[in-house]
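Visitor: You'll find entry.txt just under this line, and it carries compact mmCIF, C-alpha atoms.
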# COMPACT_ATOMS: atom_id res chain seq x y z
CA MET A 36 -274.26 93.48 -9.00
CA SER A 37 -277.72 93.51 -10.54
CA LEU A 38 -280.09 96.40 -9.96
CA ALA A 39 -282.46 94.11 -8.06
CA ALA A 40 -279.65 92.96 -5.77
CA ALA A 41 -278.61 96.56 -5.16
CA LEU A 42 -282.14 97.49 -4.17
CA VAL A 43 -282.38 94.60 -1.73
CA LEU A 44 -279.08 95.65 -0.20
CA VAL A 45 -280.29 99.22 0.43
CA VAL A 46 -283.64 98.15 1.86
CA GLY A 47 -281.89 96.01 4.47
CA LEU A 48 -279.94 98.92 6.00
CA ALA A 49 -280.62 100.95 9.13
CA LEU A 50 -280.40 104.72 9.42
CA PRO A 51 -277.84 106.31 11.72
CA ASP A 52 -279.34 108.03 14.76
CA GLY A 53 -277.89 111.51 15.25
CA SER A 54 -277.36 114.83 13.49
CA ALA A 55 -274.82 116.81 11.49
CA ARG A 56 -274.48 120.51 10.68
CA TYR A 57 -273.07 121.75 7.38
CA ARG A 58 -271.68 124.97 5.93
CA VAL A 59 -273.34 125.67 2.59
CA GLU A 60 -271.09 127.15 -0.10
CA VAL A 61 -271.96 128.34 -3.59
CA GLY A 62 -269.10 129.11 -5.93
CA GLY A 63 -266.75 128.73 -2.95
CA VAL A 64 -268.57 131.45 -0.97
CA PRO A 65 -270.39 130.59 2.32
CA VAL A 66 -274.09 131.41 2.03
CA GLY A 67 -275.60 129.67 5.08
CA ALA A 68 -276.05 126.50 7.09
CA ALA A 69 -277.90 123.19 6.82
CA GLU A 70 -278.62 120.56 9.45
CA LEU A 71 -279.76 116.97 9.00
CA ALA A 72 -281.09 115.05 12.01
CA VAL A 73 -282.48 111.52 12.42
CA ARG A 74 -284.22 110.58 15.67
CA CYS A 75 -285.59 107.07 16.18
CA GLU A 76 -287.82 105.41 18.75
CA GLY A 77 -288.57 101.76 18.23
CA PRO A 78 -289.30 101.01 14.58
CA ARG A 79 -290.11 104.62 13.67
CA CYS A 80 -287.84 107.58 12.94
CA ARG A 81 -288.23 111.25 12.19
CA ALA A 82 -285.88 112.82 9.65
CA VAL A 83 -285.48 116.61 9.69
CA LEU A 84 -283.59 118.71 7.14
CA GLN A 85 -283.26 122.44 7.85
CA THR A 86 -281.51 125.15 5.84
CA ARG A 87 -281.01 128.87 6.35
CA LEU A 88 -279.41 130.65 3.42
CA ARG A 89 -278.54 134.30 2.83
CA LEU A 90 -279.56 135.30 -0.67
CA PRO A 91 -276.98 137.23 -2.73
CA GLU A 92 -276.91 141.01 -2.51
CA GLU A 93 -277.93 141.20 -6.16
CA ALA A 94 -281.10 139.25 -5.28
CA GLY A 95 -282.00 141.36 -2.24
CA GLY A 96 -279.88 139.72 0.47
CA ALA A 97 -282.75 138.32 2.60
CA VAL A 98 -282.52 135.07 4.56
CA THR A 99 -284.60 132.18 3.26
CA ALA A 100 -285.36 129.25 5.55
CA ARG A 101 -286.87 125.84 4.95
CA ARG A 102 -287.55 122.76 7.08
CA PHE A 103 -288.65 119.29 6.00
CA GLU A 104 -289.77 116.79 8.64
CA THR A 105 -290.62 113.30 7.40
CA GLU A 106 -291.87 110.18 9.16
CA VAL A 107 -289.78 107.18 8.08
CA ASP A 108 -288.98 103.66 9.23
CA ARG A 109 -285.58 102.43 10.37
CA GLU A 110 -284.58 101.86 6.74
CA GLY A 111 -285.38 105.44 5.76
CA VAL A 112 -288.56 104.65 3.84
CA ALA A 113 -291.36 107.21 4.25
CA THR A 114 -294.27 105.87 6.30
CA GLY A 115 -296.42 108.93 6.98
CA GLU A 116 -296.70 112.61 6.21
CA ILE A 117 -294.10 115.24 5.46
CA LEU A 118 -294.27 118.57 7.25
CA ARG A 119 -292.79 121.35 5.12
CA THR A 120 -292.03 124.88 6.29
CA ARG A 121 -290.79 127.47 3.81
CA ASP A 122 -290.19 130.99 5.14
CA GLY A 123 -292.90 130.55 7.76
CA VAL A 124 -295.50 128.91 5.50
CA VAL A 125 -296.38 125.41 6.74
CA THR A 126 -297.89 122.58 4.67
CA HIS A 127 -298.68 118.93 5.47
CA GLU A 128 -298.82 116.23 2.80
CA ALA A 129 -298.61 112.48 2.55
CA ALA A 130 -295.08 111.42 1.63
CA PRO A 131 -294.71 109.11 -1.39
CA ALA A 132 -294.99 105.59 0.01
CA GLY A 133 -292.09 103.19 -0.40
CA ARG A 134 -289.52 105.92 -1.11
CA VAL A 135 -286.84 107.64 0.95
CA PRO A 136 -286.49 111.43 1.27
CA ALA A 137 -283.66 112.74 -0.90
CA ALA A 138 -281.91 114.11 2.20
CA LEU A 139 -281.38 110.54 3.43
CA ALA A 140 -280.24 109.11 0.10
CA GLU A 141 -276.53 109.80 0.64
CA LEU A 142 -276.57 108.18 4.10
CA LEU A 143 -278.18 105.01 2.81
CA LEU A 144 -276.17 104.77 -0.41
CA ALA A 145 -272.90 105.29 1.46
CA SER A 146 -273.70 102.24 3.58
CA ALA A 147 -275.12 100.16 0.72
CA ALA A 148 -272.41 100.63 -1.88
CA ARG A 149 -269.05 98.92 -1.48
CA GLU A 150 -265.74 99.74 -3.19
CA GLY A 151 -265.50 97.69 -6.36
CA GLU A 152 -268.93 96.03 -5.93
CA GLY A 153 -270.91 98.02 -8.47
CA THR A 154 -273.79 100.45 -8.05
CA ALA A 155 -276.46 100.50 -5.35
CA CYS A 156 -279.82 102.16 -6.01
CA LEU A 157 -282.96 103.12 -4.14
CA GLU A 158 -286.26 104.83 -4.86
CA ALA A 159 -286.37 108.41 -3.57
CA PHE A 160 -288.43 111.60 -3.63
CA GLU A 161 -287.64 115.32 -3.44
CA GLU A 162 -289.00 116.81 -0.23
CA GLU A 163 -290.21 120.15 -1.60
CA THR A 164 -291.89 119.04 -4.82
CA LEU A 165 -292.49 115.35 -3.92
CA ALA A 166 -291.09 114.48 -7.36
CA ALA A 167 -290.14 110.79 -7.45
CA GLY A 168 -287.06 109.21 -9.00
CA ARG A 169 -284.04 107.08 -8.34
CA ALA A 170 -280.86 107.61 -6.35
CA CYS A 171 -277.79 105.50 -7.21
CA GLY A 172 -274.21 105.47 -6.02
CA ALA A 173 -270.91 103.62 -6.28
CA TRP A 174 -267.68 103.97 -4.30
CA ALA A 175 -264.61 105.20 -6.14
CA SER A 176 -261.29 106.29 -4.60
CA GLY A 177 -262.67 106.55 -1.09
CA ALA A 178 -265.75 108.61 -1.93
CA LEU A 179 -269.26 107.93 -3.17
CA ASP A 180 -270.11 109.02 -6.71
CA ALA A 181 -273.89 109.35 -6.68
CA THR A 182 -276.76 110.62 -8.76
CA VAL A 183 -279.78 111.65 -6.68
CA LEU A 184 -282.92 112.44 -8.66
CA GLY A 185 -280.80 113.40 -11.66
CA VAL A 186 -278.29 115.53 -9.71
CA ARG A 187 -274.69 114.33 -9.71
CA GLU A 188 -272.97 114.31 -6.31
CA ARG A 189 -269.62 113.47 -4.74
CA VAL A 190 -270.00 112.32 -1.13
CA THR A 191 -267.10 112.12 1.33
CA PRO A 192 -267.79 109.77 4.27
CA GLY A 193 -267.78 111.11 7.82
CA PRO A 194 -268.22 110.00 11.43
CA GLY A 195 -271.50 108.68 12.76
CA GLY A 196 -272.79 107.70 9.35
CA PHE A 197 -273.27 111.32 8.24
CA PRO A 198 -271.17 112.62 5.29
CA ALA A 199 -268.19 114.89 5.92
CA ALA A 200 -268.95 116.72 2.68
CA ILE A 201 -271.36 116.62 -0.25
CA GLU A 202 -270.38 118.32 -3.49
CA LEU A 203 -272.79 119.10 -6.32
CA PRO A 204 -270.31 119.97 -9.10
CA GLU A 205 -272.87 120.95 -11.73
CA GLN A 206 -274.41 123.45 -9.30
CA GLY A 207 -271.13 124.74 -7.87
CA THR A 208 -272.49 123.89 -4.41
CA ARG A 209 -270.85 122.18 -1.42
CA PHE A 210 -272.12 121.07 1.99
CA VAL A 211 -269.14 120.88 4.36
CA ARG A 212 -269.57 119.48 7.86
CA ASP A 213 -269.07 122.34 10.29
CA GLY A 214 -270.58 122.51 13.77
CA ARG A 215 -270.23 126.31 13.77
CA ALA A 216 -271.83 126.92 10.39
CA ALA A 217 -274.08 129.99 10.38
CA VAL A 218 -275.81 132.45 8.08
CA PRO A 219 -273.37 135.20 7.02
CA GLY A 220 -274.12 138.57 8.58
CA ARG A 221 -273.95 140.33 5.23
CA PRO A 222 -275.35 139.25 1.87
CA PRO A 223 -272.70 137.49 -0.20
CA ARG A 224 -271.52 139.00 -3.44
CA LEU A 225 -270.87 136.03 -5.62
CA SER A 226 -269.14 136.11 -8.97
CA VAL A 227 -270.88 138.65 -11.21
CA ARG A 228 -269.34 137.46 -14.47
CA VAL A 229 -270.98 134.47 -16.14
CA PRO A 230 -269.13 132.16 -18.55
CA GLY A 231 -270.48 132.25 -22.08
CA PRO A 232 -269.65 132.66 -25.76
CA VAL A 233 -267.44 135.59 -26.72
CA ASP A 234 -269.86 136.46 -29.52
CA PRO A 235 -273.24 137.36 -27.91
CA VAL A 236 -275.06 136.46 -31.13
CA LEU A 237 -274.34 132.81 -30.32
CA ALA A 238 -276.10 132.91 -26.92
CA SER A 239 -278.90 130.36 -26.66
CA SER A 240 -279.85 129.41 -23.09
CA PHE A 241 -278.91 129.87 -19.44
CA CYS A 242 -279.80 127.56 -16.54
CA GLY A 243 -282.63 126.01 -18.54
CA VAL A 244 -284.05 129.39 -19.68
CA SER A 245 -284.18 130.34 -23.34
CA LEU A 246 -283.03 133.69 -24.69
CA ASP A 247 -285.52 136.52 -24.07
CA PRO A 248 -287.29 137.56 -27.29
CA PRO A 249 -286.53 141.04 -28.67
CA ALA A 250 -288.54 143.69 -26.81
CA PRO A 251 -290.76 145.92 -28.95
CA ALA A 252 -290.81 149.68 -28.47
CA PRO A 253 -293.39 150.80 -25.87
CA ALA A 254 -296.75 151.97 -27.13
CA THR A 255 -297.01 154.63 -24.39
CA PRO A 256 -294.37 157.06 -23.06
CA LEU A 257 -292.29 155.59 -20.21
CA PRO A 258 -289.76 157.30 -17.91
CA ALA A 259 -286.25 157.68 -19.30
CA PRO A 260 -283.99 154.68 -18.48
CA ALA A 261 -281.83 156.28 -15.80
CA ALA A 262 -281.78 156.21 -11.99
CA PRO A 263 -279.31 156.75 -9.13
CA GLY A 264 -277.70 153.91 -7.22
CA ALA A 265 -274.45 152.06 -6.60
CA SER A 266 -275.64 148.75 -8.11
CA CYS A 267 -278.06 147.49 -10.71
CA ARG A 268 -280.43 146.44 -7.92
CA GLU A 269 -280.42 149.92 -6.38
CA LYS A 270 -280.87 151.59 -9.75
CA THR A 271 -283.76 149.29 -10.61
CA ALA A 272 -285.47 149.99 -7.27
CA ALA A 273 -285.03 153.76 -7.72
CA TYR A 274 -286.35 153.61 -11.28
CA LEU A 275 -289.42 151.62 -10.25
CA ALA A 276 -290.16 154.08 -7.42
CA ARG A 277 -290.00 157.00 -9.87
CA ALA A 278 -292.19 155.14 -12.36
CA ARG A 279 -294.79 154.35 -9.68
CA GLY A 280 -294.87 158.03 -8.79
CA ARG A 281 -295.92 158.72 -12.37
CA GLY A 282 -298.68 156.11 -12.30
CA HIS A 283 -296.86 153.17 -13.92
CA VAL A 284 -297.06 149.56 -12.74
CA GLY A 285 -293.68 147.83 -12.63
CA ARG A 286 -291.67 144.92 -11.30
CA THR A 287 -288.06 143.77 -10.92
CA ALA A 288 -286.51 141.21 -13.27
CA LEU A 289 -283.44 139.14 -12.32
CA GLY A 290 -281.22 137.19 -14.65
CA VAL A 291 -278.19 137.43 -16.90
CA ALA A 292 -277.48 140.08 -19.53
CA TRP A 293 -274.75 141.14 -21.95
CA ASP A 294 -273.03 144.32 -20.72
CA GLY A 295 -270.97 144.97 -23.85
CA ARG A 296 -267.96 142.94 -22.68
CA GLY A 297 -269.53 139.72 -21.48
CA PHE A 298 -272.43 138.18 -19.59
CA VAL A 299 -273.17 139.34 -16.03
CA TRP A 300 -275.71 138.73 -13.30
CA HIS A 301 -278.09 141.63 -13.52
CA ALA A 302 -281.33 143.27 -12.38
CA TRP A 303 -283.57 145.53 -14.43
CA ALA A 304 -287.14 146.83 -14.49
CA GLU A 305 -290.27 145.84 -16.38
CA LEU A 306 -293.11 148.35 -16.80
CA ARG A 307 -296.65 147.54 -17.85
CA ASP A 308 -297.46 148.85 -21.31
CA GLY A 309 -301.07 148.02 -22.13
CA ASP A 310 -301.48 144.24 -21.83
CA ARG A 311 -297.74 143.49 -21.72
CA TYR A 312 -294.57 144.44 -19.88
CA VAL A 313 -291.63 146.26 -21.45
CA PRO A 314 -288.12 145.63 -20.06
CA VAL A 315 -286.26 148.81 -19.09
CA ASP A 316 -282.61 148.76 -18.03
CA PRO A 317 -281.68 151.88 -16.01
CA SER A 318 -278.12 150.57 -15.46
CA PHE A 319 -277.40 150.19 -19.18
CA GLY A 320 -279.63 153.14 -20.18
CA GLU A 321 -281.84 151.03 -22.47
CA LEU A 322 -285.56 151.52 -23.24
CA PRO A 323 -286.55 148.94 -24.18
CA ALA A 324 -283.79 146.78 -22.72
CA ARG A 325 -281.77 145.04 -25.39
CA GLY A 326 -280.38 141.55 -25.50
CA PRO A 327 -279.08 139.10 -25.27
CA ARG A 328 -280.50 138.55 -21.80
CA PHE A 329 -282.14 135.72 -19.86
CA THR A 330 -284.86 136.43 -17.30
CA LEU A 331 -284.84 133.89 -14.44
CA ALA A 332 -287.37 135.49 -12.10
CA ARG A 333 -289.62 138.49 -11.52
CA PHE A 334 -291.26 140.05 -8.48
CA ALA A 335 -293.37 143.13 -7.77
CA PRO A 336 -292.51 145.84 -5.19
CA GLY A 337 -293.63 144.75 -1.72
CA ASP A 338 -294.00 141.10 -2.73
CA ARG A 339 -291.71 139.51 -0.11
CA ALA A 340 -292.65 135.95 -1.03
CA GLY A 341 -291.98 136.69 -4.70
CA ALA A 342 -288.64 138.31 -3.89
CA LEU A 343 -287.55 135.31 -1.81
CA ALA A 344 -288.57 132.91 -4.56
CA ALA A 345 -286.66 134.99 -7.10
CA GLY A 346 -283.59 135.02 -4.86
CA ARG A 347 -283.71 131.25 -4.42
CA ARG A 348 -283.90 130.84 -8.15
CA VAL A 349 -280.81 133.00 -8.62
CA LEU A 350 -278.95 131.15 -5.86
CA ALA A 351 -279.78 127.79 -7.45
CA CYS A 352 -278.26 128.89 -10.76
CA TRP A 353 -275.40 131.04 -9.49
CA GLY A 354 -272.69 128.48 -8.99
CA ARG A 355 -273.36 126.10 -11.82
CA ALA A 356 -274.66 127.84 -14.90
CA ALA A 357 -273.02 129.19 -18.02
CA VAL A 358 -274.58 130.79 -21.06
CA LEU A 359 -274.75 128.07 -23.67
CA ALA A 360 -274.09 128.68 -27.35
CA ARG A 361 -276.35 127.38 -30.07
As structure tokens, how would this structure be written, given the file I've shared?

Guide:
Amino acid sequence: MSLAAALVLVVGLALPDGSARYRVEVGGVPVGAAELAVRCEGPRCRAVLQTRLRLPEEAGGAVTARRFETEVDREGVATGEILRTRDGVVTHEAAPAGRVPAALAELLLASAAREGEGTACLEAFEEETLAAGRACGAWASGALDATVLGVRERVTPGPGGFPAAIELPEQGTRFVRDGRAAVPGRPPRLSVRVPGPVDPVLASSFCGVSLDPPAPAPATPLPAPAAPGASCREKTAAYLARARGRGHVGRTALGVAWDGRGFVWHAWAELRDGDRYVPVDPSFGELPARGPRFTLARFAPGDRAGALAAGRRVLACWGRAAVLAR
């Protein structure tokens, strides 16, 4: 099947009308729920994707919610604006014309592709960033092997045209159809250990982030790197509170660090020192904090939006990433 033929095949399809609820798992641990709904009247449809996820305890444990509502035609192609809601913040934008929202790609590809008939493709866009790209899929052994905007997926068909399961192997993430799916009452504690080279000197990158450069000694006196707490997050929060009491400006850093035996998910502090920040690790007793370590996100005390963004970043990397060797 030629690419042109595949595209024609997808364009000629109709969306299913209905909804499906999914349990979201990262690393085999339930972290929340997602729901995809398609409602049509005449030639127009409205596609809605909603997720509510509990961030890991190490990232604060808050619930992050998002909702994408897109105007599409019966073939899933965007025809109007997209309404995006992220943790209560609402934005309206024109959806990329002639493309389908990524949330609908699996539905359309599952109908377009046929066992043994090659690959079907369509033009898609990511709902949050509006980044454009291609989604392609082919049936193999009763499931759809797809790549949606560069992300590899395994889609298991389900009733009503909605998948029974979607697996993102490189992210360690699964969406499993479950009408009772809900946000866990307590923050999940996902795997703390991170795969990586036995020799820390070989560490190069983690989840697209390069190794932190060596931290220079602070130019001004900073509080000793120690604080009470049962976890690295609690110790970091206690250290930052003590530092603020002494007039220092600080923030929390989240990422992966070497603990002497291997790589672990970790939180530590960063204190302003002149025109730069110095990493301080109250859990490991290091001032400045030593490597190798990889900083994925940072947020200041009281910055709820920053903390949620940092937690989402950790959640996105938790199930899939390993420390890569050079």

Visitor: Taking only C-alpha atoms into account, name the residue in A:Val229, A:Cys80, A:Val73, A:Ala332 that is nearest to A:Ala113.

Guide: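 Distance minimum relative to A:Ala113 lands on A:Cys80.
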
Visitor: Using all atoms listed in the file, determine which residues lie at most 8 Å from stretch 204-213 of chain A, disregarding the query and same-chain residues fewer than 3 positions distant; provide the list as a list in words.

Guide: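 The residues satisfying every condition are Ala55, Arg56, Tyr57, Arg58, Val59, Glu60, Val61, Gly62, Gly63, Ala69, Val186, Arg187, Glu188, Arg189, Pro198, Ala199, Ala200, Ile201, Ala216, Ala351, Cys352, Trp353, Gly354, Arg355 and Ala356 of chain A.
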
Visitor: Excluding A:Leu343 and any residue of its chain fewer than 5 positions from it, enumerate the residues within 12 Å of it, using all atoms listed in the file, and give them as a list in words.

Guide: Leu88, Arg89, Leu90, Pro91, Ala94, Gly95, Gly96, Ala97, Val98, Thr99, Ala100, Arg101, Arg121, Asp122, Gly123, Leu289, Ala332, Arg333, Phe334, Ala335, Gly337, Asp338, Arg348, Val349 and Leu350 of chain A

Visitor: Would you mind listing what lies within 12 Å of A:Pro249 as a list of chain:residue names, with all atoms listed in the file counted and same-chain residues fewer than 6 positions away left out?

Guide: A:Val313, A:Pro314, A:Leu322, A:Pro323, A:Ala324, A:Arg325, A:Gly326, A:Pro327, A:Arg328, A:Phe329

Visitor: Could you tell me how far atom CA of A:Glu128 sits from atom CA of A:Ala145, in Å to one decimal place?

Guide: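 We find that atom CA of A:Ala145 and atom CA of A:Glu128 lie 28.2 Å from each other.
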
Visitor: So, with only C-alpha atoms as the atoms that count, which of A:Arg228, A:Arg281, A:Arg74, A:Arg268 lies closest to A:Val358?

Guide: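 Looking only at the distances to A:Val358, the closest residue turns out to be A:Arg228.
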
Visitor: Please rebuild stretch 108-119 of chain A with all heavy atoms and return the result as an mmCIF file, in the coordinates of the input.

Guide:
data_model
loop_
_atom_site.group_PDB
_atom_site.id
_atom_site.type_symbol
_atom_site.label_atom_id
_atom_site.label_comp_id
_atom_site.auth_asym_id
_atom_site.auth_seq_id
_atom_site.Cartn_x
_atom_site.Cartn_y
_atom_site.Cartn_z
ATOM 1 N N ASP A 108 -289.315 104.813 8.405
ATOM 2 C CA ASP A 108 -288.980 103.660 9.230
ATOM 3 C C ASP A 108 -287.469 103.594 9.417
ATOM 4 O O ASP A 108 -286.734 104.484 8.984
ATOM 5 C CB ASP A 108 -289.540 102.367 8.611
ATOM 6 C CG ASP A 108 -288.968 102.062 7.231
ATOM 7 O OD1 ASP A 108 -287.890 102.596 6.877
ATOM 8 O OD2 ASP A 108 -289.604 101.283 6.489
ATOM 9 N N ARG A 109 -286.998 102.549 10.065
ATOM 10 C CA ARG A 109 -285.580 102.430 10.370
ATOM 11 C C ARG A 109 -284.708 102.309 9.126
ATOM 12 O O ARG A 109 -283.494 102.507 9.179
ATOM 13 C CB ARG A 109 -285.342 101.216 11.265
ATOM 14 C CG ARG A 109 -285.741 101.434 12.710
ATOM 15 C CD ARG A 109 -284.625 102.109 13.454
ATOM 16 N NE ARG A 109 -284.910 102.250 14.882
ATOM 17 C CZ ARG A 109 -284.042 102.664 15.777
ATOM 18 N NH1 ARG A 109 -282.816 102.985 15.397
ATOM 19 N NH2 ARG A 109 -284.365 102.779 17.047
ATOM 20 N N GLU A 110 -285.320 101.982 8.000
ATOM 21 C CA GLU A 110 -284.580 101.860 6.740
ATOM 22 C C GLU A 110 -284.673 103.125 5.897
ATOM 23 O O GLU A 110 -284.205 103.152 4.762
ATOM 24 C CB GLU A 110 -285.094 100.658 5.958
ATOM 25 C CG GLU A 110 -284.875 99.336 6.695
ATOM 26 C CD GLU A 110 -285.566 98.170 6.030
ATOM 27 O OE1 GLU A 110 -286.274 98.402 5.019
ATOM 28 O OE2 GLU A 110 -285.403 97.034 6.503
ATOM 29 N N GLY A 111 -285.295 104.161 6.456
ATOM 30 C CA GLY A 111 -285.380 105.440 5.760
ATOM 31 C C GLY A 111 -286.556 105.599 4.834
ATOM 32 O O GLY A 111 -286.700 106.645 4.189
ATOM 33 N N VAL A 112 -287.421 104.606 4.762
ATOM 34 C CA VAL A 112 -288.560 104.650 3.840
ATOM 35 C C VAL A 112 -289.704 105.434 4.484
ATOM 36 O O VAL A 112 -290.067 105.191 5.645
ATOM 37 C CB VAL A 112 -289.023 103.229 3.477
ATOM 38 C CG1 VAL A 112 -290.253 103.279 2.568
ATOM 39 C CG2 VAL A 112 -287.889 102.469 2.795
ATOM 40 N N ALA A 113 -290.283 106.373 3.736
ATOM 41 C CA ALA A 113 -291.360 107.210 4.250
ATOM 42 C C ALA A 113 -292.568 106.358 4.638
ATOM 43 O O ALA A 113 -292.984 105.467 3.884
ATOM 44 C CB ALA A 113 -291.762 108.251 3.217
ATOM 45 N N THR A 114 -293.132 106.643 5.807
ATOM 46 C CA THR A 114 -294.270 105.870 6.300
ATOM 47 C C THR A 114 -295.473 106.741 6.629
ATOM 48 O O THR A 114 -296.544 106.228 6.947
ATOM 49 C CB THR A 114 -293.881 105.085 7.559
ATOM 50 O OG1 THR A 114 -293.426 106.014 8.557
ATOM 51 C CG2 THR A 114 -292.776 104.083 7.256
ATOM 52 N N GLY A 115 -295.315 108.045 6.603
ATOM 53 C CA GLY A 115 -296.420 108.930 6.980
ATOM 54 C C GLY A 115 -296.379 110.220 6.204
ATOM 55 O O GLY A 115 -296.075 110.249 5.014
ATOM 56 N N GLU A 116 -296.648 111.314 6.889
ATOM 57 C CA GLU A 116 -296.700 112.610 6.210
ATOM 58 C C GLU A 116 -295.361 113.311 6.256
ATOM 59 O O GLU A 116 -294.447 112.934 6.994
ATOM 60 C CB GLU A 116 -297.768 113.490 6.852
ATOM 61 C CG GLU A 116 -297.432 113.974 8.250
ATOM 62 C CD GLU A 116 -298.435 114.986 8.750
ATOM 63 O OE1 GLU A 116 -299.478 115.162 8.114
ATOM 64 O OE2 GLU A 116 -298.151 115.625 9.792
ATOM 65 N N ILE A 117 -295.262 114.350 5.444
ATOM 66 C CA ILE A 117 -294.100 115.240 5.460
ATOM 67 C C ILE A 117 -294.604 116.632 5.816
ATOM 68 O O ILE A 117 -295.590 117.120 5.247
ATOM 69 C CB ILE A 117 -293.344 115.231 4.119
ATOM 70 C CG1 ILE A 117 -292.162 116.208 4.168
ATOM 71 C CG2 ILE A 117 -294.261 115.529 2.943
ATOM 72 C CD1 ILE A 117 -291.218 116.085 2.970
ATOM 73 N N LEU A 118 -293.956 117.211 6.807
ATOM 74 C CA LEU A 118 -294.270 118.570 7.250
ATOM 75 C C LEU A 118 -293.239 119.498 6.634
ATOM 76 O O LEU A 118 -292.042 119.364 6.881
ATOM 77 C CB LEU A 118 -294.227 118.653 8.771
ATOM 78 C CG LEU A 118 -294.357 120.042 9.401
ATOM 79 C CD1 LEU A 118 -295.713 120.652 9.085
ATOM 80 C CD2 LEU A 118 -294.139 119.959 10.911
ATOM 81 N N ARG A 119 -293.700 120.456 5.828
ATOM 82 C CA ARG A 119 -292.790 121.350 5.120
ATOM 83 C C ARG A 119 -293.030 122.789 5.551
ATOM 84 O O ARG A 119 -294.169 123.250 5.577
ATOM 85 C CB ARG A 119 -292.995 121.221 3.600
ATOM 86 C CG ARG A 119 -292.680 119.841 3.058
ATOM 87 C CD ARG A 119 -292.915 119.747 1.576
ATOM 88 N NE ARG A 119 -294.318 119.884 1.238
ATOM 89 C CZ ARG A 119 -294.813 119.714 0.014
ATOM 90 N NH1 ARG A 119 -294.009 119.416 -0.983
ATOM 91 N NH2 ARG A 119 -296.094 119.838 -0.228
#
